[in-house]
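Chemist: Quick one: the structure is below, and I'll ask about it shortly.
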Amino acid sequence: MKSASNEGGLSPIWNWKITALSFALLFFVGILAISFGPVSLDFSKIIKSLFGLPGGLTGQERTLLIDLRLPRALLAALVGAALATSGAVYQTVFRNPLADPYLLGAAAGAGLGATIAITSAGADLYSLLPIFSFFGAILAVLTSFFISGKFFAEPNSLLLSGIAVGSFATAVQTYLQQRNSSSLRPVYSWILGELTVANWQIVTWSSIYIFIALIILITVSKQLDGLMLTDEEAYSLGINPNKLRVIAVVAATLATATAVSASGLIGFVGIVVPHLVRGITHRVTNRGLLTIALVGASFLVLADLGARTLLSPAELPIGVITAFVGAPFFLVVLRKKRLVNQ
Amino acid sequence: MINVEDLTVRLGTKTVLKDISVEIEDGKWTCLVGPNGAGKTTFLKALLGSQPYSGSITDNNIEVFRNHDRNVAFVPQHPQIPTGMSVSEYVMLGRSKRDGWGNESATSRSLVAEILKLTGLFGMQNQFVSQLSGGEMQRALIARALVQEPTLILLDEPTSALDLHHQIAVLNNIELLKERGVTIISTMHDITLAAMYAENIIVMQEGAVLLNGSSQSVIHSPELKSAFENRINVYTLESGRPVIVAKKEA
């Protein structure tokens with residue numbers, strides 16, 4: 001790629017170096033995450049046992065690495081990438097910088113599904129919690145789509161019906177919780193997000209859905225810039241904006257529903273990470289979607305490391321960490337935006 | 001020659017365009033004139049293919065506009081201005097249909113640089129479009145249309161909301177397009193301005209075509225006066241240019 005000063009002073013639209021750097025970041029953070037914890041694992045030992053050399057990990061350490069740390073770090077990376085990418089896509093589609101992956105009722109729907117699984121203890125549905133929350137999220141978003149109807153004409157009508165469906169699902173969830181007060185604690189801890197349940201089975205199925213969604217979104221990411229214009233301009237530049245919006249929202253919802261069902265509600269990642277990447281690169285363009293995915297993955301892996309180690313041996317809910325970083329950051333972004341607009 | 005036949009557009013229960021049949025000359029500037037709600041913008045959208053319609057719009061007997069087969073540039077009246085996008089990126093979007101989205105060929109880069117110079121935007125190429133003034137934004141839109149190298153360009157009220165100084169600049173920029181052999185169709189409120197620049201004028205009223213022909217013939221036709229309920233006067237300047245002014249109510 002040529003430097004910015006060449007070719008009549010046109011600066012490049014996206015710099016691949018930023019993407020390469022975020023790959024490196026994810027790798028580095030991943031190593032930190034599998035090395036640190038209540039029991040620290042020496043990284044040189046991890047490498048040695050990986051290549052079958054002498055002086056590697058003991059059998060117990062191996063189990064710790066392969067059965068606990070590795071799936072957990074992978075799940076954090078998957079969920080982080082899914083939430084950050086969906087957030088960025090929703091923000092473009094709805095032309096709203098505050099749009100969030102949970103906006104269309106996915107969060108409330110998943111919450112209701114999870115609550116049903118937790119409260120019907122007699123039927124022992126707890127192991128089916130991910131399935132319940134997955135379908136809860138999908139069902140809620142489909143309902144929002146169905147109610148709005150006019151989505152094609154006005155994206156904001158979908159937003160509004162998403163809010164209505166979300167409130168309804170939350171109301172039902174609260175009713176169920178009140179009837180089964182013993183469920184309050186597990187539901188509450190699920191709402192704050194948890195990666196403690198991570199195992200290879202969850203990693204496998206969630207990676208399938210999340211990868212499908214991310215591949216679709218990154219494939220259309222360049223065209224998503226066209227949605228920042230009026231629909232007529234998009235048509236004139238060779239894009240069918242309505243079709244593109246449906247593809248983007250469906251894929252982003254698949255990623256969100258999978259993330260929610262695998263790890264509960266982890267707030268703020270979908271807003272903080274896209275704005276962080278855009279803030280640092282000064283680019284709103286969706287060409288940076290892959291970078292947003294990688295930084296989202298790194299962010300959540302790091303947040304999970306904090307959740308595991310800050311109060312060690314006790315664990316903090318990961319949603320507490322992301323909100324703790326996210327809320328102040330959000331205010332800074334808002335303030336900066338206001339200054340730019342003045 | 002673009003041939004519009006029985007073009008009808010319904011939005012809900014309302015018929016916005018009724019059986020419009022007109023011919024639009026290649027390489028000429030045709031201006032759609034008429035009061036608000038006459039259906040001018042809807043006509044443009046139908047030509048663009050973003051508005052479903054019945055009837056046909058053909059170019060040399062081939063129905064093309066519905067399928068977006070033609071390279072048609074569109075300059076909106078109220079553009080959605082993206083944040084965090086530089087002027088050069090914004091203008092480069094005009095090459096998306098040719099290069100594929102997100103790709104920039106060497107030809108495109110040099111063309112964009114050339115057009116930025118032509119439209120007086122060179123030097124601002126790394127500024128954000130969101131920081132441009134109204135007049136600069138209008139020029140950025142024209143620049144994007146120019147790099148698109150379209151066969152047809154549609155402009156929705158290109159001069160509204162601009163002061164006289166910028167109006168002249170924009171109209172001259174549109175002349176640039178015409179020099180390149182592009183067919184131009186625009187809507188315009190100001191009929192005097194339309195008569196000054198455009199070769200042909202189509203006067204619309206309540207979704208139908210009232211008058212259609214060369215600017216001179218339309219301006220001097222008695223039907224024009226009746227369209228404005230006889231509340232206008234048409235004067236001819238020494239240069240032969242017509243001026244239309246509103247009659248002062250007694």
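Chain labels run A, B, ... following the order of the structure tokens; each chain numbers its residues from 1, and ligands are numbered from 1 in the order shown.
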If we count only C-alpha atoms and set the cut-off at 12 Å, which residues sit around Asn240 (chain A), ignoring sequence neighbours fewer than 6 positions away in its own chain? Please answer as a PyMOL selection string.
Modeler: (chain A and resi 152+220+223-224+226-227+230-234+246-247) or (chain B and resi 48-51+66-68)
Chemist: Give me a file of those residues, with N, CA and C atoms, as an mmCIF file, in the first residue's frame.
Modeler:
data_model
loop_
_atom_site.group_PDB
_atom_site.id
_atom_site.type_symbol
_atom_site.label_atom_id
_atom_site.label_comp_id
_atom_site.auth_asym_id
_atom_site.auth_seq_id
_atom_site.Cartn_x
_atom_site.Cartn_y
_atom_site.Cartn_z
ATOM 1 N N PHE A 152 -38.565 -1.654 5.917
ATOM 2 C CA PHE A 152 -37.889 -1.250 4.689
ATOM 3 C C PHE A 152 -37.952 0.251 4.483
ATOM 4 N N VAL A 220 -19.788 -8.284 3.522
ATOM 5 C CA VAL A 220 -20.570 -7.113 3.070
ATOM 6 C C VAL A 220 -20.073 -5.810 3.697
ATOM 7 N N GLN A 223 -19.592 -2.683 1.577
ATOM 8 C CA GLN A 223 -20.831 -2.093 1.062
ATOM 9 C C GLN A 223 -21.611 -1.365 2.157
ATOM 10 N N LEU A 224 -21.382 -1.766 3.421
ATOM 11 C CA LEU A 224 -22.128 -1.141 4.510
ATOM 12 C C LEU A 224 -21.908 0.367 4.551
ATOM 13 N N GLY A 226 -22.216 2.277 2.226
ATOM 14 C CA GLY A 226 -23.293 2.837 1.410
ATOM 15 C C GLY A 226 -24.541 3.128 2.223
ATOM 16 N N LEU A 227 -24.698 2.442 3.366
ATOM 17 C CA LEU A 227 -25.878 2.678 4.203
ATOM 18 C C LEU A 227 -25.745 3.969 4.996
ATOM 19 N N THR A 230 -28.049 8.403 1.751
ATOM 20 C CA THR A 230 -29.484 8.206 1.552
ATOM 21 C C THR A 230 -29.676 6.973 0.667
ATOM 22 N N ASP A 231 -30.871 6.389 0.726
ATOM 23 C CA ASP A 231 -31.139 5.185 -0.058
ATOM 24 C C ASP A 231 -30.962 5.436 -1.551
ATOM 25 N N GLU A 232 -31.338 6.635 -2.009
ATOM 26 C CA GLU A 232 -31.210 6.944 -3.442
ATOM 27 C C GLU A 232 -29.744 6.940 -3.855
ATOM 28 N N GLU A 233 -28.891 7.547 -3.006
ATOM 29 C CA GLU A 233 -27.465 7.557 -3.318
ATOM 30 C C GLU A 233 -26.927 6.132 -3.352
ATOM 31 N N ALA A 234 -27.379 5.306 -2.408
ATOM 32 C CA ALA A 234 -26.921 3.913 -2.369
ATOM 33 C C ALA A 234 -27.301 3.186 -3.659
ATOM 34 N N VAL A 246 -31.268 -6.071 5.510
ATOM 35 C CA VAL A 246 -31.794 -7.342 6.018
ATOM 36 C C VAL A 246 -30.649 -8.322 6.263
ATOM 37 N N ILE A 247 -29.745 -8.446 5.285
ATOM 38 C CA ILE A 247 -28.601 -9.364 5.447
ATOM 39 C C ILE A 247 -27.812 -8.992 6.693
ATOM 40 N N LEU B 48 -34.253 6.569 -11.326
ATOM 41 C CA LEU B 48 -33.124 5.944 -10.655
ATOM 42 C C LEU B 48 -33.371 4.450 -10.442
ATOM 43 N N GLY B 49 -34.655 4.082 -10.329
ATOM 44 C CA GLY B 49 -34.991 2.681 -10.082
ATOM 45 C C GLY B 49 -35.176 2.385 -8.614
ATOM 46 N N SER B 50 -35.184 3.435 -7.767
ATOM 47 C CA SER B 50 -35.380 3.187 -6.340
ATOM 48 C C SER B 50 -36.848 3.261 -5.964
ATOM 49 N N GLN B 51 -37.683 3.686 -6.915
ATOM 50 C CA GLN B 51 -39.120 3.810 -6.665
ATOM 51 C C GLN B 51 -39.869 2.859 -7.600
ATOM 52 N N ARG B 66 -35.188 0.076 -14.073
ATOM 53 C CA ARG B 66 -35.678 -0.741 -12.983
ATOM 54 C C ARG B 66 -34.567 -1.666 -12.469
ATOM 55 N N ASN B 67 -33.694 -2.104 -13.373
ATOM 56 C CA ASN B 67 -32.662 -3.078 -12.981
ATOM 57 C C ASN B 67 -31.333 -2.438 -12.633
ATOM 58 N N HIS B 68 -31.277 -1.126 -12.621
ATOM 59 C CA HIS B 68 -30.043 -0.410 -12.295
ATOM 60 C C HIS B 68 -28.904 -0.802 -13.228
#
Chemist: Residues of chain B within 9 Å of chain A: nearest atom pair and distance (Å, one decimal) for each, counting only C-alpha atoms, sorted by chain and number, as a Markdown table?
Modeler:
| residue | atom | partner | partner_atom | distance |
| --- | --- | --- | --- | --- |
| B:Lys45 | CA | A:Glu232 | CA | 7.2 |
| B:Leu48 | CA | A:Ser236 | CA | 6.8 |
| B:Gly49 | CA | A:Tyr235 | CA | 7.6 |
| B:Ser50 | CA | A:Glu232 | CA | 6.3 |
| B:His68 | CA | A:Gly238 | CA | 7.3 |
| B:Asn71 | CA | A:Ser236 | CA | 7.3 |
| B:Val72 | CA | A:Ser236 | CA | 5.7 |
| B:Ala73 | CA | A:Ser236 | CA | 5.5 |
| B:Phe74 | CA | A:Glu233 | CA | 5.8 |
| B:Val75 | CA | A:Glu233 | CA | 7.3 |
| B:Pro76 | CA | A:Glu233 | CA | 7.3 |
| B:His78 | CA | A:Thr230 | CA | 8.5 |
| B:Pro79 | CA | A:Thr230 | CA | 6.3 |
| B:Gln80 | CA | A:Leu229 | CA | 4.9 |
| B:Ile81 | CA | A:Leu229 | CA | 6.6 |
| B:Pro82 | CA | A:Met228 | CA | 5.5 |
| B:Thr83 | CA | A:Val284 | CA | 6.6 |
| B:Gly84 | CA | A:Val284 | CA | 4.8 |
| B:Met85 | CA | A:Arg283 | CA | 6.5 |
| B:Ser86 | CA | A:Ile13 | CA | 8.5 |
| B:Ser88 | CA | A:Leu10 | CA | 6.3 |
| B:Glu89 | CA | A:Ile13 | CA | 6.6 |
| B:Leu93 | CA | A:Leu237 | CA | 7.4 |
| B:Gly94 | CA | A:Leu237 | CA | 6.5 |
| B:Arg95 | CA | A:Leu237 | CA | 7.9 |
| B:Ser96 | CA | A:Leu237 | CA | 6.3 |
| B:Lys97 | CA | A:Gly238 | CA | 5.4 |
| B:Gly100 | CA | A:Gln223 | CA | 9.0 |
| B:Trp101 | CA | A:Lys222 | CA | 5.7 |
| B:Gly102 | CA | A:Lys222 | CA | 5.2 |
| B:Asn103 | CA | A:Lys222 | CA | 8.9 |
| B:Ala106 | CA | A:Glu7 | CA | 8.8 |
| B:Arg109 | CA | A:Glu7 | CA | 7.0 |
| B:Ser110 | CA | A:Glu7 | CA | 6.8 |
| B:Val112 | CA | A:Leu10 | CA | 8.8 |
| B:Ala113 | CA | A:Gly8 | CA | 5.8 |
| B:Glu114 | CA | A:Gly8 | CA | 8.6 |
| B:Phe122 | CA | A:Gly8 | CA | 8.7 |
| B:Gly123 | CA | A:Gly9 | CA | 8.3 |
| B:Gln125 | CA | A:Leu10 | CA | 6.7 |
| B:Asn126 | CA | A:Ser11 | CA | 6.8 |
| B:Gln131 | CA | A:Asn341 | CA | 8.8 |
| B:Gln148 | CA | A:Leu237 | CA | 8.3 |
Chemist: Write the residues of the selection above to a file with N, CA and C atoms, as a compact mmCIF listing (two decimals), in the first residue's frame.
Modeler:
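Generated output (part26.txt):
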# COMPACT_ATOMS: atom_id res chain seq x y z
N LYS B 45 -36.81 9.52 -8.70
CA LYS B 45 -36.58 8.23 -8.04
C LYS B 45 -36.97 7.07 -8.95
N LEU B 48 -34.25 6.57 -11.33
CA LEU B 48 -33.12 5.94 -10.65
C LEU B 48 -33.37 4.45 -10.44
N GLY B 49 -34.66 4.08 -10.33
CA GLY B 49 -34.99 2.68 -10.08
C GLY B 49 -35.18 2.38 -8.61
N SER B 50 -35.18 3.44 -7.77
CA SER B 50 -35.38 3.19 -6.34
C SER B 50 -36.85 3.26 -5.96
N HIS B 68 -31.28 -1.13 -12.62
CA HIS B 68 -30.04 -0.41 -12.29
C HIS B 68 -28.90 -0.80 -13.23
N ASN B 71 -25.48 3.35 -15.51
CA ASN B 71 -24.74 4.08 -14.49
C ASN B 71 -25.39 5.45 -14.31
N VAL B 72 -26.27 5.54 -13.34
CA VAL B 72 -27.02 6.77 -13.10
C VAL B 72 -26.53 7.40 -11.80
N ALA B 73 -26.06 8.64 -11.88
CA ALA B 73 -25.62 9.33 -10.67
C ALA B 73 -26.80 10.10 -10.08
N PHE B 74 -26.81 10.20 -8.77
CA PHE B 74 -27.91 10.89 -8.10
C PHE B 74 -27.34 11.90 -7.10
N VAL B 75 -27.75 13.15 -7.25
CA VAL B 75 -27.34 14.18 -6.29
C VAL B 75 -28.57 14.60 -5.50
N PRO B 76 -28.66 14.18 -4.23
CA PRO B 76 -29.88 14.44 -3.46
C PRO B 76 -29.96 15.88 -2.96
N HIS B 78 -31.19 16.64 0.11
CA HIS B 78 -30.72 16.58 1.50
C HIS B 78 -29.85 15.34 1.65
N PRO B 79 -28.55 15.45 1.40
CA PRO B 79 -27.71 14.26 1.52
C PRO B 79 -27.58 13.82 2.98
N GLN B 80 -27.42 12.53 3.17
CA GLN B 80 -27.11 12.00 4.50
C GLN B 80 -25.59 12.09 4.61
N ILE B 81 -25.10 12.94 5.49
CA ILE B 81 -23.65 13.17 5.52
C ILE B 81 -22.99 12.21 6.51
N PRO B 82 -22.14 11.32 6.00
CA PRO B 82 -21.52 10.35 6.91
C PRO B 82 -20.46 11.01 7.79
N THR B 83 -20.39 10.58 9.03
CA THR B 83 -19.35 11.10 9.92
C THR B 83 -18.10 10.24 9.76
N GLY B 84 -16.96 10.83 10.01
CA GLY B 84 -15.71 10.07 9.98
C GLY B 84 -15.30 9.62 8.60
N MET B 85 -15.75 10.31 7.55
CA MET B 85 -15.34 9.95 6.20
C MET B 85 -14.71 11.18 5.55
N SER B 86 -13.54 11.00 4.97
CA SER B 86 -12.85 12.16 4.41
C SER B 86 -13.44 12.52 3.05
N SER B 88 -11.97 12.86 0.18
CA SER B 88 -11.52 12.01 -0.91
C SER B 88 -12.21 10.64 -0.87
N GLU B 89 -12.44 10.11 0.33
CA GLU B 89 -13.16 8.84 0.44
C GLU B 89 -14.58 8.97 -0.07
N LEU B 93 -16.38 7.10 -3.38
CA LEU B 93 -17.56 6.23 -3.39
C LEU B 93 -18.17 6.19 -4.79
N GLY B 94 -18.00 7.27 -5.53
CA GLY B 94 -18.53 7.33 -6.89
C GLY B 94 -17.92 6.27 -7.80
N ARG B 95 -16.79 5.71 -7.41
CA ARG B 95 -16.15 4.68 -8.23
C ARG B 95 -16.57 3.28 -7.83
N SER B 96 -17.41 3.17 -6.77
CA SER B 96 -17.73 1.86 -6.22
C SER B 96 -18.33 0.91 -7.24
N LYS B 97 -19.20 1.45 -8.10
CA LYS B 97 -19.88 0.58 -9.04
C LYS B 97 -18.89 0.03 -10.07
N GLY B 100 -15.89 -1.95 -7.71
CA GLY B 100 -16.34 -2.85 -6.66
C GLY B 100 -16.14 -2.14 -5.34
N TRP B 101 -17.05 -2.35 -4.38
CA TRP B 101 -17.00 -1.61 -3.13
C TRP B 101 -15.70 -1.88 -2.39
N GLY B 102 -15.08 -0.80 -1.94
CA GLY B 102 -13.87 -0.93 -1.13
C GLY B 102 -12.61 -1.08 -1.94
N ASN B 103 -12.72 -1.20 -3.26
CA ASN B 103 -11.52 -1.28 -4.08
C ASN B 103 -11.25 0.08 -4.72
N ALA B 106 -5.96 2.31 -9.71
CA ALA B 106 -5.07 3.45 -9.92
C ALA B 106 -5.76 4.51 -10.76
N ARG B 109 -8.00 6.55 -8.58
CA ARG B 109 -7.29 7.49 -7.70
C ARG B 109 -6.86 8.74 -8.47
N SER B 110 -6.37 8.56 -9.68
CA SER B 110 -5.94 9.76 -10.40
C SER B 110 -7.15 10.57 -10.88
N VAL B 112 -10.04 10.79 -9.28
CA VAL B 112 -10.56 11.51 -8.11
C VAL B 112 -9.72 12.76 -7.85
N ALA B 113 -8.40 12.61 -7.93
CA ALA B 113 -7.52 13.76 -7.72
C ALA B 113 -7.81 14.86 -8.75
N GLU B 114 -8.01 14.43 -10.00
CA GLU B 114 -8.29 15.40 -11.07
C GLU B 114 -9.61 16.14 -10.82
N PHE B 122 -9.60 20.41 -4.01
CA PHE B 122 -8.26 19.90 -3.75
C PHE B 122 -7.63 20.73 -2.63
N GLY B 123 -7.00 20.03 -1.69
CA GLY B 123 -6.48 20.71 -0.51
C GLY B 123 -7.35 20.40 0.69
N GLN B 125 -9.02 17.44 0.69
CA GLN B 125 -9.37 16.03 0.51
C GLN B 125 -9.28 15.18 1.78
N ASN B 126 -8.45 15.61 2.74
CA ASN B 126 -8.33 14.81 3.96
C ASN B 126 -9.18 15.34 5.12
N GLN B 131 -17.42 18.27 8.04
CA GLN B 131 -16.95 19.61 8.40
C GLN B 131 -17.08 20.60 7.24
N GLN B 148 -18.15 9.24 -11.08
CA GLN B 148 -18.97 8.07 -11.41
C GLN B 148 -19.02 7.85 -12.93
Chemist: Tell me, as a VMD selection string, which residues lie within 9 Å of Gln216 (chain B), counting only C-alpha atoms; anything in the same chain fewer than 2 positions away does not count.
Modeler: chain B and resid 195 199 to 201 213 to 214 218 to 221 241 to 242
Chemist: Take the residues just selected and output them with N, CA and C atoms as a short mmCIF file (atom, residue, chain, number, x, y, z; two decimals), in the first residue's frame.
Modeler:
data_model
loop_
_atom_site.label_atom_id
_atom_site.label_comp_id
_atom_site.auth_asym_id
_atom_site.auth_seq_id
_atom_site.Cartn_x
_atom_site.Cartn_y
_atom_site.Cartn_z
N ALA B 195 -34.82 28.09 -17.07
CA ALA B 195 -34.85 28.52 -18.46
C ALA B 195 -33.49 29.01 -18.93
N GLU B 199 -31.90 23.08 -21.47
CA GLU B 199 -32.40 23.15 -22.85
C GLU B 199 -33.90 22.86 -22.89
N ASN B 200 -34.30 21.91 -22.05
CA ASN B 200 -35.71 21.51 -22.06
C ASN B 200 -36.33 21.64 -20.68
N ILE B 201 -37.62 21.93 -20.69
CA ILE B 201 -38.33 22.06 -19.42
C ILE B 201 -39.58 21.20 -19.45
N GLY B 213 -41.24 20.76 -23.45
CA GLY B 213 -40.63 21.21 -24.69
C GLY B 213 -39.36 21.98 -24.43
N SER B 214 -38.89 22.71 -25.44
CA SER B 214 -37.67 23.50 -25.25
C SER B 214 -37.98 24.62 -24.27
N VAL B 218 -41.60 26.64 -23.76
CA VAL B 218 -42.37 26.47 -22.52
C VAL B 218 -42.58 27.80 -21.83
N ILE B 219 -41.49 28.60 -21.77
CA ILE B 219 -41.56 29.88 -21.06
C ILE B 219 -42.59 30.81 -21.69
N HIS B 220 -42.66 30.81 -23.01
CA HIS B 220 -43.54 31.77 -23.68
C HIS B 220 -44.94 31.22 -23.97
N SER B 221 -45.20 30.01 -23.54
CA SER B 221 -46.52 29.46 -23.86
C SER B 221 -47.56 30.02 -22.90
N ARG B 241 -32.92 36.64 -23.01
CA ARG B 241 -33.20 35.74 -21.89
C ARG B 241 -34.54 36.07 -21.27
N PRO B 242 -35.34 35.08 -21.01
CA PRO B 242 -36.62 35.36 -20.35
C PRO B 242 -36.47 35.45 -18.84
#
Chemist: Counting only C-alpha atoms, which residue out of B:Val243, B:Ala145, B:Met188, B:Val170 sits closest to Glu157 (chain B)?
Modeler: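 Closest candidate: B:Met188.
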Chemist: Would you please extract all alpha helix (DSSP H) residues from region 133-256 of chain A, as assigned by DSSP on the backbone, and give them as JSON, numbers by chain?
Modeler: {"A": [133, 134, 135, 136, 137, 138, 139, 140, 141, 142, 143, 144, 145, 146, 147, 148, 155, 156, 157, 158, 159, 160, 161, 162, 163, 164, 165, 166, 167, 168, 169, 170, 171, 172, 173, 174, 175, 176, 177, 178, 179, 184, 185, 186, 187, 188, 189, 190, 191, 200, 201, 202, 203, 204, 205, 206, 207, 208, 209, 210, 211, 212, 213, 214, 215, 216, 217, 218, 219, 220, 221, 222, 223, 224, 231, 232, 233, 234, 235, 236, 241, 242, 243, 244, 245, 246, 247, 248, 249, 250, 251, 252, 253, 254, 255, 256]}
Chemist: Might you pull out every residue within 9 Å of Gly55 (chain A), with only C-alpha atoms counted and same-chain residues fewer than 6 positions away left off, and present them as a list in words?
Modeler: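 Near Gly55 (chain A), the qualifying residues are Lys45, Lys48 and Ser49 of chain A.
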Chemist: Quick one: everything within 12 Å of Leu177 (chain B), counting only C-alpha atoms, minus sequence neighbours fewer than 3 positions away in the same chain. Send it as JSON, numbers by chain.
Modeler: {"B": [27, 28, 29, 73, 115, 118, 119, 142, 143, 144, 145, 146, 147, 148, 149, 150, 151, 152, 153, 154, 155, 170, 171, 172, 173, 174, 180, 181, 182, 183, 184, 185]}
Chemist: Take the residues from that selection and put them in a file with C-alpha atoms, as a tab-separated table (two decimals), in the first residue's frame.
Modeler:
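result.tsv, freshly written:
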chain	number	residue	atom	x	y	z
B	27	GLY	CA	-26.80	14.84	-23.80
B	28	LYS	CA	-29.20	17.66	-22.93
B	29	TRP	CA	-30.24	19.23	-19.67
B	73	ALA	CA	-25.62	9.33	-10.67
B	115	ILE	CA	-11.96	15.98	-10.24
B	118	LEU	CA	-11.71	20.68	-11.08
B	119	THR	CA	-14.32	21.28	-8.38
B	142	ILE	CA	-21.06	17.01	-7.86
B	143	ALA	CA	-17.48	15.69	-7.70
B	144	ARG	CA	-18.77	12.26	-6.67
B	145	ALA	CA	-21.22	12.32	-9.57
B	146	LEU	CA	-18.42	13.32	-11.95
B	147	VAL	CA	-16.07	10.46	-10.97
B	148	GLN	CA	-18.97	8.07	-11.41
B	149	GLU	CA	-18.70	8.85	-15.16
B	150	PRO	CA	-22.44	8.34	-15.53
B	151	THR	CA	-24.53	8.32	-18.68
B	152	LEU	CA	-27.31	10.06	-16.81
B	153	ILE	CA	-27.23	12.31	-13.78
B	154	LEU	CA	-30.23	13.18	-11.66
B	155	LEU	CA	-30.11	16.25	-9.44
B	170	VAL	CA	-23.16	24.83	-8.70
B	171	LEU	CA	-24.84	25.64	-12.00
B	172	ASN	CA	-21.43	26.07	-13.58
B	173	ASN	CA	-20.38	22.72	-12.15
B	174	ILE	CA	-23.42	21.12	-13.75
B	180	ARG	CA	-18.79	15.58	-20.84
B	181	GLY	CA	-21.84	14.53	-22.80
B	182	VAL	CA	-23.89	13.44	-19.82
B	183	THR	CA	-27.69	13.60	-19.95
B	184	ILE	CA	-28.90	15.75	-17.06
B	185	ILE	CA	-32.29	15.72	-15.43
Chemist: B:Ser21, B:Thr41, B:Ser130, B:Ser160: which is nearest Ile57 (chain B), counting only C-alpha atoms?
Modeler: B:Ser21
Chemist: Of the candidates A:Ala110, A:Ile216, A:Ala257, A:Val273, which one gets nearest to Thr291 (chain A) if we count only C-alpha atoms?
Modeler: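 Checking each candidate against Thr291 (chain A), we get A:Val273 as the closest.
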Chemist: Check the smallest atom-to-atom distance from each of A:Ile215, A:Leu192, A:Val187, A:Leu65 to Leu265 (chain A) using only C-alpha atoms, then report the winner.
Modeler: A:Leu192
Chemist: What lies within 10 Å of Leu57 (chain A) using only C-alpha atoms, ignoring chain neighbours under 5 positions off, as a list of chain:residue names?
Modeler: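 That gives A:Leu41, A:Asp42, A:Phe43, A:Ser44, A:Lys45, A:Ile46, A:Ile47, A:Lys48, A:Ser49, A:Leu50, A:Gly52, A:Arg62, A:Thr63, A:Leu64, A:Leu65.
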Chemist: Figure out the distance between CA of Ser148 (chain A) and CA of Ala46 (chain B), please, to one decimal in Å.
Modeler: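 Between these atoms lies a distance of 25.4 Å.
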Chemist: I need the residue nearest Trp200 (chain A) from this list: A:Ser157, A:Leu310, A:Phe36, A:Ala73. Use only C-alpha atoms for the distance.
Modeler: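 Of A:Ser157, A:Leu310, A:Phe36, A:Ala73, the one nearest Trp200 (chain A), counting only C-alpha atoms, is A:Ala73.
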